[in-house]
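A.B. asks: Handing you this structure, nothing more for now.
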Amino acid sequence: ESQTQELEEQRDALARSRRLLEDQSQALARESRYKSEFVANMSHELRTPLNALLIMSRLLAENRARTLTDEQVRWAQTIESSGQDLLTLINDILDLSKIEAGKLDIAAEPVAPKAVAQKMLRGFEMQARAKGLDLSTEVDPKATEIMTDPGRLEQVLRNFLSNAIKFTERGRVTLRVTPAPGGGVSFAVEDTGIGIDMAEQEAVFEAFRQADGTISRRFGGTGLGLSISRELADLLGGRITLKSEKGRGSTFALTLPKQLPGQPVASLPAALP
Ligand code: ADP
């Protein structure tokens, strides 16, 4: 008799703590949603005045009326480039919060790997040449068309390439495109740059993390690019791998599947009445 009573009490206590846990996890989910919404709204509100600031400082730096001294033009240029850095940071934070809130839209379309590689090459030619780096692409013809979001794919590759150029003083940056198992494609950016210590290789994917404080500060950047890239890779059903050796160089690779996950293989009507 008393044993059944004890058992019932225990069961009640368990049910109570379970309800408490459920309440708490719901509150947490709500809070994290509020946070993401707040960040999204704030980022948007910040961009409007910042855009005005960027346009005005650009006009000043152009000095069309020839009323500014050389020094004043340099000040205007500094305002513009700092504003540009701030805009990059705001856009990065907005992207991260959208991903967290599950609000980043992904739209798949047929993407030709070779065309993407050529577009990237064109986009970074000037930057590489300015540093005396040899930038090239190698595309395996067996890497065929995939269904993915080209904008998001390009965003990840731009991050890899700008890092590769930023952290390489001499040598080569190569974008290599190869087929991956199951009809997927792998995009690897290889550099002959400063490399990343084994112990830091996981940490560079964390938000705001930079491998080496002194070097990164010298090179600038937000430390958000790789964490966004990893989230984007997840959303695209792919993954990012890193191979690096301190002092020798790094290879960041994004491997994407043939199809975006959760998308119908063919566009058939979902159901007929
Ligand atoms: P950011 O480049 O803005 O600092 P990222 O998230 O893109 O932010 O990169 C995080 C850190 O990873 C960098 O600060 C740098 O320390 C390291 N890193 C990224 N790419 C490379 C590379 N190609 N070579 C060496 N270090 C790199």
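Chain identifiers are assigned as A, B, and so on, following the order in which chains appear in the structure tokens; residues are numbered from 1 within each chain, and ligands are numbered from 1 in order of appearance.
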At a cut-off of 9 Å around ligand 1, and using only C-alpha atoms and all ligand atoms, what residues come up? Please write them as a compact mmCIF listing (two decimals) with N, CA and C atoms, in the first residue's frame.
C.D. replies:
# COMPACT_ATOMS: atom_id res chain seq x y z
N LEU A 89 30.43 44.13 -41.53
CA LEU A 89 30.14 43.54 -40.22
C LEU A 89 28.63 43.41 -40.00
N ASN A 159 34.33 34.02 -49.48
CA ASN A 159 34.96 34.04 -48.17
C ASN A 159 36.28 33.27 -48.19
N PHE A 160 36.27 32.07 -48.77
CA PHE A 160 37.51 31.27 -48.88
C PHE A 160 38.58 32.05 -49.64
N LEU A 161 38.17 32.63 -50.80
CA LEU A 161 39.15 33.29 -51.66
C LEU A 161 39.70 34.57 -51.04
N SER A 162 38.82 35.35 -50.40
CA SER A 162 39.34 36.60 -49.82
C SER A 162 40.26 36.27 -48.65
N ASN A 163 39.94 35.22 -47.88
CA ASN A 163 40.86 34.80 -46.81
C ASN A 163 42.18 34.32 -47.40
N ALA A 164 42.10 33.47 -48.43
CA ALA A 164 43.32 32.91 -49.03
C ALA A 164 44.25 34.03 -49.50
N ILE A 165 43.67 35.05 -50.13
CA ILE A 165 44.50 36.16 -50.61
C ILE A 165 45.02 37.00 -49.44
N LYS A 166 44.14 37.20 -48.45
CA LYS A 166 44.52 38.00 -47.28
C LYS A 166 45.68 37.37 -46.51
N PHE A 167 45.64 36.04 -46.37
CA PHE A 167 46.63 35.37 -45.52
C PHE A 167 47.79 34.76 -46.31
N THR A 168 47.97 35.19 -47.57
CA THR A 168 49.08 34.68 -48.38
C THR A 168 49.94 35.86 -48.85
N VAL A 189 39.71 25.71 -52.15
CA VAL A 189 40.60 26.86 -52.33
C VAL A 189 41.89 26.59 -51.57
N GLU A 190 42.97 26.48 -52.36
CA GLU A 190 44.26 26.12 -51.79
C GLU A 190 45.19 27.33 -51.84
N ASP A 191 45.87 27.61 -50.75
CA ASP A 191 46.81 28.73 -50.78
C ASP A 191 48.18 28.32 -50.23
N THR A 192 49.18 29.16 -50.52
CA THR A 192 50.53 28.91 -50.02
C THR A 192 50.85 29.94 -48.94
N GLY A 193 49.85 30.22 -48.10
CA GLY A 193 49.96 31.30 -47.12
C GLY A 193 50.48 30.88 -45.76
N ILE A 194 50.07 31.63 -44.74
CA ILE A 194 50.65 31.47 -43.40
C ILE A 194 50.22 30.18 -42.71
N GLY A 195 49.13 29.55 -43.18
CA GLY A 195 48.67 28.31 -42.56
C GLY A 195 48.06 28.53 -41.19
N ILE A 196 47.43 27.47 -40.67
CA ILE A 196 46.76 27.55 -39.37
C ILE A 196 47.24 26.40 -38.50
N ASP A 197 47.63 26.73 -37.30
CA ASP A 197 48.05 25.73 -36.32
C ASP A 197 46.99 24.65 -36.15
N GLU A 200 44.31 25.32 -33.71
CA GLU A 200 43.37 26.42 -33.99
C GLU A 200 42.37 26.05 -35.08
N GLN A 201 42.56 24.88 -35.70
CA GLN A 201 41.80 24.60 -36.93
C GLN A 201 40.30 24.48 -36.72
N ALA A 203 38.72 26.05 -34.12
CA ALA A 203 38.27 27.33 -33.55
C ALA A 203 38.01 28.40 -34.61
N VAL A 204 38.69 28.34 -35.76
CA VAL A 204 38.49 29.40 -36.75
C VAL A 204 37.07 29.43 -37.30
N PHE A 205 36.30 28.35 -37.08
CA PHE A 205 34.92 28.32 -37.55
C PHE A 205 33.95 28.93 -36.54
N GLU A 206 34.46 29.29 -35.36
CA GLU A 206 33.58 29.91 -34.36
C GLU A 206 33.44 31.40 -34.65
N ALA A 207 32.27 31.95 -34.28
CA ALA A 207 32.02 33.37 -34.54
C ALA A 207 33.03 34.24 -33.81
N PHE A 208 33.49 35.28 -34.48
CA PHE A 208 34.43 36.28 -33.96
C PHE A 208 35.81 35.72 -33.62
N ARG A 209 36.07 34.46 -34.04
CA ARG A 209 37.35 33.86 -33.70
C ARG A 209 38.37 34.13 -34.80
N GLN A 210 39.53 34.54 -34.42
CA GLN A 210 40.63 34.69 -35.36
C GLN A 210 41.80 33.89 -34.81
N ALA A 211 42.53 33.23 -35.72
CA ALA A 211 43.55 32.27 -35.29
C ALA A 211 44.66 32.93 -34.48
N ASP A 212 45.17 34.04 -34.98
CA ASP A 212 46.30 34.65 -34.32
C ASP A 212 46.04 36.14 -34.19
N GLY A 213 45.78 36.57 -32.96
CA GLY A 213 45.40 37.96 -32.72
C GLY A 213 46.25 38.98 -33.45
N ILE A 215 48.36 38.73 -36.04
CA ILE A 215 48.30 38.67 -37.50
C ILE A 215 46.95 39.13 -37.99
N SER A 216 45.87 38.61 -37.36
CA SER A 216 44.54 38.95 -37.84
C SER A 216 44.28 40.44 -37.72
N ARG A 217 44.75 41.04 -36.63
CA ARG A 217 44.51 42.46 -36.48
C ARG A 217 45.22 43.21 -37.60
N PHE A 219 45.67 42.07 -40.51
CA PHE A 219 44.96 41.82 -41.75
C PHE A 219 43.51 42.30 -41.72
N GLY A 220 42.99 42.63 -40.55
CA GLY A 220 41.60 43.08 -40.46
C GLY A 220 40.63 41.93 -40.60
N GLY A 221 39.33 42.24 -40.65
CA GLY A 221 38.31 41.20 -40.78
C GLY A 221 37.49 41.09 -39.51
N THR A 222 36.36 40.40 -39.63
CA THR A 222 35.41 40.33 -38.51
C THR A 222 35.48 39.02 -37.75
N GLY A 223 36.04 37.98 -38.37
CA GLY A 223 36.03 36.67 -37.72
C GLY A 223 34.69 35.98 -37.83
N LEU A 224 33.81 36.51 -38.69
CA LEU A 224 32.48 35.91 -38.85
C LEU A 224 32.34 35.08 -40.13
N GLY A 225 33.22 35.36 -41.09
CA GLY A 225 33.09 34.75 -42.42
C GLY A 225 32.99 33.23 -42.38
N LEU A 226 33.89 32.58 -41.66
CA LEU A 226 33.91 31.12 -41.67
C LEU A 226 32.74 30.51 -40.90
N SER A 227 32.26 31.19 -39.84
CA SER A 227 31.11 30.60 -39.14
C SER A 227 29.87 30.72 -40.00
N ILE A 228 29.75 31.83 -40.75
CA ILE A 228 28.64 31.94 -41.70
C ILE A 228 28.78 30.87 -42.78
N SER A 229 30.00 30.70 -43.28
CA SER A 229 30.22 29.71 -44.35
C SER A 229 29.82 28.32 -43.88
N SER A 244 45.43 22.17 -43.22
CA SER A 244 46.36 23.29 -43.17
C SER A 244 47.62 22.90 -42.41
N LYS A 246 50.84 25.00 -40.56
CA LYS A 246 51.41 26.30 -40.19
C LYS A 246 52.65 26.60 -41.05
N GLY A 249 50.57 26.65 -45.73
CA GLY A 249 49.38 26.98 -46.49
C GLY A 249 48.15 26.23 -46.01
N SER A 250 47.01 26.57 -46.62
CA SER A 250 45.73 26.00 -46.19
C SER A 250 44.90 25.62 -47.40
N THR A 251 44.03 24.63 -47.21
CA THR A 251 43.02 24.31 -48.21
C THR A 251 41.66 24.23 -47.52
N PHE A 252 40.78 25.14 -47.90
CA PHE A 252 39.39 25.10 -47.42
C PHE A 252 38.55 24.52 -48.55
A.B. asks: Would you return as an NGL selection string the members of segment 145-181 of chain A that DSSP assigns to strand (DSSP E) on this structure's backbone?
C.D. replies: :A and (146-148 or 172-180)
A.B. asks: Any idea what's packed within 12 Å of Glu138 of chain A, counting only C-alpha atoms, ignoring anything in its chain fewer than 6 positions away? Could you give it as an NGL selection string?
C.D. replies: :A and (113-118 or 121 or 173-178 or 186-190)
A.B. asks: From the options A:Gln155, A:Ser43, A:Thr255, A:Ser82, which residue's atoms come nearest to Asp234 of chain A, counting only C-alpha atoms?
C.D. replies: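 Closest residue, counting only C-alpha atoms: A:Thr255.
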A.B. asks: Return the single residue from A:Ile146, A:Leu242, A:Leu14, A:Leu94 that is closest to Pro110 of chain A, with distances computed using only C-alpha atoms.
C.D. replies: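 Comparing A:Ile146, A:Leu242, A:Leu14, A:Leu94 against Pro110 of chain A, the winner is A:Ile146.
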A.B. asks: Record the distance separating atom CA of Gly123 of chain A and atom CA of Leu254 of chain A, expressed in Å with one decimal.
C.D. replies: 18.5 Å
A.B. asks: Do a neighbour search on Thr144 of chain A at 8 Å with only C-alpha atoms, toss out local chain neighbours closer than 6 positions, and write the hits as a ChimeraX atom specification.
C.D. replies: /A:112-113,179,183,185
A.B. asks: May I have the selected residues written with all heavy atoms, as a short mmCIF file (atom, residue, chain, number, x, y, z; two decimals), in the first residue's frame?
C.D. replies:
data_model
loop_
_atom_site.label_atom_id
_atom_site.label_comp_id
_atom_site.auth_asym_id
_atom_site.auth_seq_id
_atom_site.Cartn_x
_atom_site.Cartn_y
_atom_site.Cartn_z
N ALA A 112 26.30 25.30 -62.97
CA ALA A 112 27.45 24.70 -63.66
C ALA A 112 28.73 25.08 -62.91
O ALA A 112 29.07 26.26 -62.83
CB ALA A 112 27.52 25.20 -65.09
N PRO A 113 29.43 24.09 -62.33
CA PRO A 113 30.61 24.37 -61.52
C PRO A 113 31.66 25.21 -62.24
O PRO A 113 32.27 26.10 -61.64
CB PRO A 113 31.17 22.98 -61.20
CG PRO A 113 30.02 22.06 -61.35
CD PRO A 113 29.14 22.64 -62.40
N PRO A 179 34.77 16.31 -58.95
CA PRO A 179 33.53 15.61 -58.63
C PRO A 179 33.61 14.98 -57.25
O PRO A 179 34.70 14.61 -56.79
CB PRO A 179 33.43 14.53 -59.72
CG PRO A 179 34.80 14.37 -60.27
CD PRO A 179 35.53 15.66 -60.03
N GLY A 183 27.56 12.18 -57.26
CA GLY A 183 27.19 13.24 -58.20
C GLY A 183 27.38 14.64 -57.65
O GLY A 183 26.99 15.62 -58.28
N VAL A 185 29.76 17.93 -55.97
CA VAL A 185 30.94 18.64 -56.45
C VAL A 185 31.68 19.25 -55.27
O VAL A 185 31.07 19.71 -54.30
CB VAL A 185 30.55 19.75 -57.45
CG1 VAL A 185 31.75 20.60 -57.82
CG2 VAL A 185 29.94 19.16 -58.71
#
